[in-house]
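coords.pdb (PDB, C-alpha atoms and all ligand atoms)
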ATOM      1  CA  MET A1386      10.180  53.956  -4.554  1.00  0.00           C
ATOM      2  CA  PRO A1387       6.698  55.403  -5.030  1.00  0.00           C
ATOM      3  CA  GLU A1388       6.268  58.716  -6.797  1.00  0.00           C
ATOM      4  CA  GLN A1389       5.555  61.840  -4.769  1.00  0.00           C
ATOM      5  CA  GLY A1390       1.922  61.949  -5.824  1.00  0.00           C
ATOM      6  CA  GLN A1391       1.451  58.398  -4.633  1.00  0.00           C
ATOM      7  CA  VAL A1392       2.918  59.156  -1.205  1.00  0.00           C
ATOM      8  CA  LYS A1393       0.648  62.143  -0.798  1.00  0.00           C
ATOM      9  CA  THR A1394      -2.402  60.080  -1.727  1.00  0.00           C
ATOM     10  CA  ASP A1395      -1.436  57.389   0.781  1.00  0.00           C
ATOM     11  CA  VAL A1396      -1.110  59.982   3.557  1.00  0.00           C
ATOM     12  CA  LEU A1397      -4.492  61.455   2.674  1.00  0.00           C
ATOM     13  CA  ASP A1398      -6.030  57.976   2.591  1.00  0.00           C
ATOM     14  CA  ALA A1399      -4.578  57.239   6.017  1.00  0.00           C
ATOM     15  CA  GLN A1400      -6.034  60.489   7.376  1.00  0.00           C
ATOM     16  CA  GLU A1401      -9.438  59.713   5.888  1.00  0.00           C
ATOM     17  CA  ASP A1402      -9.296  56.202   7.361  1.00  0.00           C
ATOM     18  CA  ALA A1403      -8.452  57.566  10.800  1.00  0.00           C
ATOM     19  CA  LYS A1404     -11.312  60.071  10.569  1.00  0.00           C
ATOM     20  CA  ARG A1405     -13.670  57.335   9.477  1.00  0.00           C
ATOM     21  CA  ARG A1406     -12.707  55.099  12.401  1.00  0.00           C
ATOM     22  CA  LEU A1407     -13.176  57.961  14.873  1.00  0.00           C
ATOM     23  CA  ALA A1408     -16.592  58.746  13.406  1.00  0.00           C
ATOM     24  CA  LEU A1409     -17.677  55.099  13.491  1.00  0.00           C
ATOM     25  CA  ALA A1410     -16.649  54.946  17.154  1.00  0.00           C
ATOM     26  CA  GLN A1411     -19.250  57.659  17.832  1.00  0.00           C
ATOM     27  CA  ILE A1412     -21.983  55.782  15.957  1.00  0.00           C
ATOM     28  CA  ARG A1413     -23.962  53.123  17.858  1.00  0.00           C
ATOM     29  CA  GLN A1414     -23.021  49.660  16.667  1.00  0.00           C
ATOM     30  CA  TYR A1415     -25.003  46.446  16.386  1.00  0.00           C
ATOM     31  CA  GLY A1416     -25.860  45.123  19.831  1.00  0.00           C
ATOM     32  CA  ASP A1417     -26.532  48.607  21.201  1.00  0.00           C
ATOM     33  CA  PRO A1418     -30.129  48.634  22.513  1.00  0.00           C
ATOM     34  CA  ALA A1419     -30.766  52.168  21.170  1.00  0.00           C
ATOM     35  CA  LEU A1420     -30.802  50.729  17.642  1.00  0.00           C
ATOM     36  CA  ARG A1421     -33.881  48.660  18.517  1.00  0.00           C
ATOM     37  CA  LEU A1422     -35.977  51.463  20.025  1.00  0.00           C
ATOM     38  CA  ILE A1423     -38.666  53.563  18.367  1.00  0.00           C
ATOM     39  CA  ALA A1424     -37.787  57.249  18.099  1.00  0.00           C
ATOM     40  CA  HIS A1425     -40.230  59.945  19.235  1.00  0.00           C
ATOM     41  CA  PRO A1426     -41.472  62.872  17.130  1.00  0.00           C
ATOM     42  CA  VAL A1427     -39.528  66.112  17.436  1.00  0.00           C
ATOM     43  CA  GLU A1428     -41.545  68.932  19.002  1.00  0.00           C
ATOM     44  CA  ASP A1429     -39.001  71.709  19.501  1.00  0.00           C
ATOM     45  CA  PHE A1430     -37.210  73.147  16.484  1.00  0.00           C
ATOM     46  CA  ASP A1431     -34.533  74.832  18.532  1.00  0.00           C
ATOM     47  CA  ASP A1432     -30.756  75.356  18.580  1.00  0.00           C
ATOM     48  CA  ASP A1433     -30.228  71.956  20.211  1.00  0.00           C
ATOM     49  CA  LEU A1434     -31.920  70.316  17.235  1.00  0.00           C
ATOM     50  CA  ARG A1435     -29.852  72.288  14.726  1.00  0.00           C
ATOM     51  CA  ARG A1436     -26.637  71.460  16.614  1.00  0.00           C
ATOM     52  CA  LEU A1437     -27.591  67.769  16.514  1.00  0.00           C
ATOM     53  CA  VAL A1438     -28.208  67.967  12.757  1.00  0.00           C
ATOM     54  CA  ASP A1439     -24.834  69.680  12.186  1.00  0.00           C
ATOM     55  CA  ARG A1440     -23.062  67.011  14.231  1.00  0.00           C
ATOM     56  CA  MET A1441     -24.833  64.219  12.354  1.00  0.00           C
ATOM     57  CA  ILE A1442     -23.847  65.690   8.974  1.00  0.00           C
ATOM     58  CA  VAL A1443     -20.175  65.854  10.046  1.00  0.00           C
ATOM     59  CA  LEU A1444     -20.319  62.267  11.313  1.00  0.00           C
ATOM     60  CA  MET A1445     -22.018  61.047   8.125  1.00  0.00           C
ATOM     61  CA  HIS A1446     -19.313  62.673   6.009  1.00  0.00           C
ATOM     62  CA  GLU A1447     -16.410  61.474   8.156  1.00  0.00           C
ATOM     63  CA  ALA A1448     -17.842  57.943   8.283  1.00  0.00           C
ATOM     64  CA  GLN A1449     -18.227  58.135   4.474  1.00  0.00           C
ATOM     65  CA  GLY A1450     -21.917  57.266   4.654  1.00  0.00           C
ATOM     66  CA  VAL A1451     -24.861  58.568   2.630  1.00  0.00           C
ATOM     67  CA  GLY A1452     -27.344  58.613   5.484  1.00  0.00           C
ATOM     68  CA  LEU A1453     -27.437  58.704   9.288  1.00  0.00           C
ATOM     69  CA  ALA A1454     -30.428  58.481  11.628  1.00  0.00           C
ATOM     70  CA  ALA A1455     -30.577  60.119  15.081  1.00  0.00           C
ATOM     71  CA  THR A1456     -31.084  56.660  16.608  1.00  0.00           C
ATOM     72  CA  GLN A1457     -27.577  55.786  15.415  1.00  0.00           C
ATOM     73  CA  VAL A1458     -26.096  58.489  17.633  1.00  0.00           C
ATOM     74  CA  GLY A1459     -28.274  57.413  20.557  1.00  0.00           C
ATOM     75  CA  VAL A1460     -30.845  60.198  20.221  1.00  0.00           C
ATOM     76  CA  LEU A1461     -34.354  58.750  20.048  1.00  0.00           C
ATOM     77  CA  ARG A1462     -35.871  61.550  17.952  1.00  0.00           C
ATOM     78  CA  ARG A1463     -37.411  61.215  14.518  1.00  0.00           C
ATOM     79  CA  LEU A1464     -34.865  62.781  12.197  1.00  0.00           C
ATOM     80  CA  PHE A1465     -32.148  61.745   9.824  1.00  0.00           C
ATOM     81  CA  VAL A1466     -29.610  63.269   7.446  1.00  0.00           C
ATOM     82  CA  PHE A1467     -28.954  61.969   3.960  1.00  0.00           C
ATOM     83  CA  GLU A1468     -26.992  62.789   0.836  1.00  0.00           C
ATOM     84  CA  PRO A1469     -28.282  60.962  -2.246  1.00  0.00           C
ATOM     85  CA  ASP A1470     -26.459  63.109  -4.836  1.00  0.00           C
ATOM     86  CA  GLU A1471     -23.993  65.954  -5.418  1.00  0.00           C
ATOM     87  CA  ASP A1472     -26.410  68.597  -4.129  1.00  0.00           C
ATOM     88  CA  GLY A1473     -25.133  68.325  -0.578  1.00  0.00           C
ATOM     89  CA  PRO A1474     -26.521  66.973   2.685  1.00  0.00           C
ATOM     90  CA  ARG A1475     -30.171  67.273   3.658  1.00  0.00           C
ATOM     91  CA  ALA A1476     -31.843  66.877   7.023  1.00  0.00           C
ATOM     92  CA  ILE A1477     -35.442  65.845   7.544  1.00  0.00           C
ATOM     93  CA  VAL A1478     -37.347  65.933  10.812  1.00  0.00           C
ATOM     94  CA  ASN A1479     -40.487  63.863  11.522  1.00  0.00           C
ATOM     95  CA  PRO A1480     -40.222  62.240   8.069  1.00  0.00           C
ATOM     96  CA  VAL A1481     -43.167  60.379   6.540  1.00  0.00           C
ATOM     97  CA  ILE A1482     -43.350  58.504   3.244  1.00  0.00           C
ATOM     98  CA  VAL A1483     -46.525  59.875   1.680  1.00  0.00           C
ATOM     99  CA  GLU A1484     -46.254  58.016  -1.626  1.00  0.00           C
ATOM    100  CA  ARG A1485     -44.545  54.746  -2.465  1.00  0.00           C
ATOM    101  CA  GLY A1486     -44.234  53.393  -6.018  1.00  0.00           C
ATOM    102  CA  GLU A1487     -45.258  49.803  -6.673  1.00  0.00           C
ATOM    103  CA  GLU A1488     -42.003  48.870  -8.382  1.00  0.00           C
ATOM    104  CA  THR A1489     -39.298  47.396  -6.150  1.00  0.00           C
ATOM    105  CA  LEU A1490     -35.622  46.539  -6.600  1.00  0.00           C
ATOM    106  CA  THR A1491     -33.387  44.248  -4.560  1.00  0.00           C
ATOM    107  CA  ASP A1492     -29.855  45.578  -4.124  1.00  0.00           C
ATOM    108  CA  GLU A1493     -27.026  45.355  -1.598  1.00  0.00           C
ATOM    109  CA  GLU A1494     -27.039  47.736   1.362  1.00  0.00           C
ATOM    110  CA  GLY A1495     -24.551  48.449   4.087  1.00  0.00           C
ATOM    111  CA  CYS A1496     -25.052  50.324   7.347  1.00  0.00           C
ATOM    112  CA  LEU A1497     -22.748  52.467   9.493  1.00  0.00           C
ATOM    113  CA  SER A1498     -24.048  50.522  12.522  1.00  0.00           C
ATOM    114  CA  LEU A1499     -23.345  47.105  10.989  1.00  0.00           C
ATOM    115  CA  GLN A1500     -19.694  47.231   9.976  1.00  0.00           C
ATOM    116  CA  GLY A1501     -18.532  44.635   7.505  1.00  0.00           C
ATOM    117  CA  VAL A1502     -22.064  43.646   6.512  1.00  0.00           C
ATOM    118  CA  ARG A1503     -23.672  44.047   3.102  1.00  0.00           C
ATOM    119  CA  VAL A1504     -26.962  42.305   2.388  1.00  0.00           C
ATOM    120  CA  PRO A1505     -29.577  42.428  -0.369  1.00  0.00           C
ATOM    121  CA  VAL A1506     -32.688  44.389   0.559  1.00  0.00           C
ATOM    122  CA  GLU A1507     -35.833  44.899  -1.465  1.00  0.00           C
ATOM    123  CA  ARG A1508     -37.015  48.521  -1.573  1.00  0.00           C
ATOM    124  CA  ALA A1509     -39.543  50.591  -3.478  1.00  0.00           C
ATOM    125  CA  THR A1510     -37.749  52.451  -6.276  1.00  0.00           C
ATOM    126  CA  SER A1511     -39.708  55.676  -5.893  1.00  0.00           C
ATOM    127  CA  VAL A1512     -40.982  57.375  -2.774  1.00  0.00           C
ATOM    128  CA  VAL A1513     -42.150  60.839  -1.845  1.00  0.00           C
ATOM    129  CA  LEU A1514     -40.931  61.925   1.569  1.00  0.00           C
ATOM    130  CA  GLU A1515     -42.449  64.766   3.572  1.00  0.00           C
ATOM    131  CA  GLY A1516     -41.400  66.321   6.850  1.00  0.00           C
ATOM    132  CA  LYS A1517     -39.795  69.445   8.287  1.00  0.00           C
ATOM    133  CA  ASP A1518     -36.366  70.949   7.928  1.00  0.00           C
ATOM    134  CA  PRO A1519     -34.432  71.797  11.143  1.00  0.00           C
ATOM    135  CA  ASN A1520     -36.122  75.220  11.214  1.00  0.00           C
ATOM    136  CA  GLY A1521     -39.606  73.705  11.193  1.00  0.00           C
ATOM    137  CA  GLU A1522     -40.374  74.528   7.548  1.00  0.00           C
ATOM    138  CA  ASP A1523     -42.198  71.956   5.416  1.00  0.00           C
ATOM    139  CA  VAL A1524     -40.033  69.942   3.030  1.00  0.00           C
ATOM    140  CA  ARG A1525     -40.952  67.404   0.362  1.00  0.00           C
ATOM    141  CA  TYR A1526     -38.598  65.160  -1.621  1.00  0.00           C
ATOM    142  CA  GLU A1527     -39.516  63.130  -4.689  1.00  0.00           C
ATOM    143  CA  LEU A1528     -36.725  60.600  -4.845  1.00  0.00           C
ATOM    144  CA  ASP A1529     -35.031  58.478  -7.501  1.00  0.00           C
ATOM    145  CA  PRO A1530     -34.269  54.787  -6.833  1.00  0.00           C
ATOM    146  CA  TYR A1531     -31.003  55.510  -4.979  1.00  0.00           C
ATOM    147  CA  GLY A1532     -32.477  58.299  -2.841  1.00  0.00           C
ATOM    148  CA  SER A1533     -35.587  56.195  -2.199  1.00  0.00           C
ATOM    149  CA  ARG A1534     -33.410  53.336  -0.951  1.00  0.00           C
ATOM    150  CA  ILE A1535     -31.512  55.620   1.423  1.00  0.00           C
ATOM    151  CA  VAL A1536     -34.589  57.216   2.982  1.00  0.00           C
ATOM    152  CA  GLN A1537     -36.372  53.870   3.451  1.00  0.00           C
ATOM    153  CA  HIS A1538     -33.227  52.591   5.195  1.00  0.00           C
ATOM    154  CA  GLU A1539     -32.988  55.655   7.473  1.00  0.00           C
ATOM    155  CA  LEU A1540     -36.707  55.711   8.244  1.00  0.00           C
ATOM    156  CA  ASP A1541     -36.408  52.061   9.307  1.00  0.00           C
ATOM    157  CA  HIS A1542     -33.772  53.096  11.882  1.00  0.00           C
ATOM    158  CA  LEU A1543     -36.314  55.426  13.498  1.00  0.00           C
ATOM    159  CA  ASP A1544     -38.529  52.376  14.063  1.00  0.00           C
ATOM    160  CA  GLY A1545     -35.725  50.153  15.364  1.00  0.00           C
ATOM    161  CA  VAL A1546     -35.518  48.186  12.114  1.00  0.00           C
ATOM    162  CA  MET A1547     -32.237  47.287  10.387  1.00  0.00           C
ATOM    163  CA  ILE A1548     -31.192  45.741   7.087  1.00  0.00           C
ATOM    164  CA  ILE A1549     -30.671  42.315   8.704  1.00  0.00           C
ATOM    165  CA  ASP A1550     -34.429  42.315   9.399  1.00  0.00           C
ATOM    166  CA  ARG A1551     -35.177  43.060   5.752  1.00  0.00           C
ATOM    167  CA  THR A1552     -32.919  40.552   4.038  1.00  0.00           C
ATOM    168  CA  ASP A1553     -33.438  36.825   3.402  1.00  0.00           C
ATOM    169  CA  ASP A1554     -32.663  34.101   5.983  1.00  0.00           C
ATOM    170  CA  GLU A1555     -29.413  33.033   4.368  1.00  0.00           C
ATOM    171  CA  HIS A1556     -27.919  36.529   4.261  1.00  0.00           C
ATOM    172  CA  ARG A1557     -29.206  37.259   7.783  1.00  0.00           C
ATOM    173  CA  LYS A1558     -27.383  34.197   9.129  1.00  0.00           C
ATOM    174  CA  GLU A1559     -24.178  35.220   7.351  1.00  0.00           C
ATOM    175  CA  ALA A1560     -24.458  38.786   8.649  1.00  0.00           C
ATOM    176  CA  LEU A1561     -25.056  37.670  12.221  1.00  0.00           C
ATOM    177  CA  ALA A1562     -21.985  35.430  12.026  1.00  0.00           C
ATOM    178  CA  THR A1563     -19.946  38.492  10.975  1.00  0.00           C
ATOM    179  CA  LEU A1564     -21.427  40.655  13.728  1.00  0.00           C
ATOM    180  CA  ARG A1565     -21.393  38.199  16.624  1.00  0.00           C
ATOM    181  CA  PRO A1566     -17.629  38.151  17.426  1.00  0.00           C
ATOM    182  CA  ARG A1567     -17.602  41.939  17.504  1.00  0.00           C
ATOM    183  CA  ALA A1568     -20.617  42.013  19.828  1.00  0.00           C
ATOM    184  CA  VAL A1569     -18.829  39.673  22.256  1.00  0.00           C
ATOM    185  CA  LEU A1570     -15.661  41.808  22.245  1.00  0.00           C
ATOM    186  CA  ARG A1571     -17.498  44.996  23.207  1.00  0.00           C
TER     187      ARG A1571
HETATM  188 ZN    ZN B1601     -28.139  52.129   8.705  1.00  0.00          ZN
END
Can you give me the file's structure in the form of structure tokens?
Amino acid sequence: MPEQGQVKTDVLDAQEDAKRRLALAQIRQYGDPALRLIAHPVEDFDDDLRRLVDRMIVLMHEAQGVGLAATQVGVLRRLFVFEPDEDGPRAIVNPVIVERGEETLTDEEGCLSLQGVRVPVERATSVVLEGKDPNGEDVRYELDPYGSRIVQHELDHLDGVMIIDRTDDEHRKEALATLRPRAVLR
């Protein structure tokens, strides 16, 4: 018989799993045409935008991700949320990489829109990202390798690009084999 603490942990895990599945069901999955479209710049920094950002942060947390682009919730606007460290979630609107270091690193990436897939992707290890916060104020982030990887991934989503486009042929084939049965079942 498991100890009390163990039972409690299992219940919490089950709740987190259920939350995660519900969140993923609200995130566009591979095969959805929205994921292949180019998002448009945001012009109005209004309550609708801030509500969208709040919703995306909740979804990112519940889905246990570290980044989520508007495209992934079917909104073709240039913004994403990300959380590269313990300092809490950030949102950036109309993001642009203004500096990109020459050094790159290949590491495995997953994506909330490509469940069950992890592929190696080469990314610059340092980028400087500029844009606006949801109130229209200028923001600038100088990012470490992990943060740089996340924002390059999310920025790709705003241009309809996904990790399967960035990986090598062998891993792409493997990933597509994982994704195909799911696409047919939808
Ligand atoms: Zn993604």
**OP:** List the residues matched by the PyMOL selection byres (((chain A and resi 1453) around 12) and not hetatm) in the displayed structure as JSON, numbers by chain, ordered by chain and then by residue number.
**Re:** {"A": [1408, 1409, 1411, 1412, 1413, 1437, 1438, 1439, 1440, 1441, 1442, 1443, 1444, 1445, 1446, 1447, 1448, 1449, 1450, 1451, 1452, 1454, 1455, 1456, 1457, 1458, 1459, 1460, 1463, 1464, 1465, 1466, 1467, 1468, 1469, 1474, 1475, 1476, 1477, 1495, 1496, 1497, 1498, 1535, 1536, 1537, 1538, 1539, 1540, 1541, 1542, 1543]}
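For the choices A:Asp1544, A:Glu1401, A:Glu1527, A:Asp1472, the atom-to-atom distance to ligand ZN 1601 (chain B) is smallest for A:Asp1544 when using all atoms listed in the file.
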Original post:
Can you list what the PyMOL selection byres (((chain A and resi 1500) around 12) and not hetatm) grabs from this structure, as a PyMOL selection string?
Top reply: chain A and resi 1405-1406+1409-1410+1412-1416+1448+1450+1494-1499+1501-1504+1548+1560-1561+1563-1568
**OP:** Skip Gly1521 (chain A) itself and residues of its chain fewer than 2 positions away, then list as a ChimeraX atom specification all residues within 10 Å of it, counting all atoms listed in the file.
**Re:** /A:1427-1431,1477-1479,1516-1519,1523-1524
Next, the residues of the selection above should be written as a PDB file, in the coordinates of the input with C-alpha atoms.
ATOM      1  CA  VAL A1427     -39.528  66.112  17.436  1.00  0.00           C
ATOM      2  CA  GLU A1428     -41.545  68.932  19.002  1.00  0.00           C
ATOM      3  CA  ASP A1429     -39.001  71.709  19.501  1.00  0.00           C
ATOM      4  CA  PHE A1430     -37.210  73.147  16.484  1.00  0.00           C
ATOM      5  CA  ASP A1431     -34.533  74.832  18.532  1.00  0.00           C
ATOM      6  CA  ILE A1477     -35.442  65.845   7.544  1.00  0.00           C
ATOM      7  CA  VAL A1478     -37.347  65.933  10.812  1.00  0.00           C
ATOM      8  CA  ASN A1479     -40.487  63.863  11.522  1.00  0.00           C
ATOM      9  CA  GLY A1516     -41.400  66.321   6.850  1.00  0.00           C
ATOM     10  CA  LYS A1517     -39.795  69.445   8.287  1.00  0.00           C
ATOM     11  CA  ASP A1518     -36.366  70.949   7.928  1.00  0.00           C
ATOM     12  CA  PRO A1519     -34.432  71.797  11.143  1.00  0.00           C
ATOM     13  CA  ASP A1523     -42.198  71.956   5.416  1.00  0.00           C
ATOM     14  CA  VAL A1524     -40.033  69.942   3.030  1.00  0.00           C
TER      15      VAL A1524
END
**OP:** Between CA of Arg1508 (chain A) and CA of Gly1486 (chain A), measure the distance and give it in Å to one decimal.
**Re:**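 Value for the CA of Arg1508 (chain A)-CA of Gly1486 (chain A) distance: 9.8 Å.
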**OP:** Measuring atom to atom with only C-alpha atoms and all ligand atoms, identify which of A:Leu1434, A:Leu1420, A:Ala1509, A:Glu1471 is nearest to ligand ZN 1601 (chain B).
**Re:**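 The shortest atom-to-atom distance to ligand ZN 1601 (chain B) comes from A:Leu1420.
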Original post:
With only C-alpha atoms as the atoms that count, which of A:Glu1484, A:Val1546, A:Glu1515, A:Tyr1526 lies nearest to Ile1423 (chain A)?
Top reply: A:Val1546
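Remark: for ligand ZN 1601 (chain B), the closest of the candidate residues A:Asp1432, A:Arg1421, A:Arg1462, A:Ala1399 is A:Arg1421 (distances computed over only C-alpha atoms and all ligand atoms).
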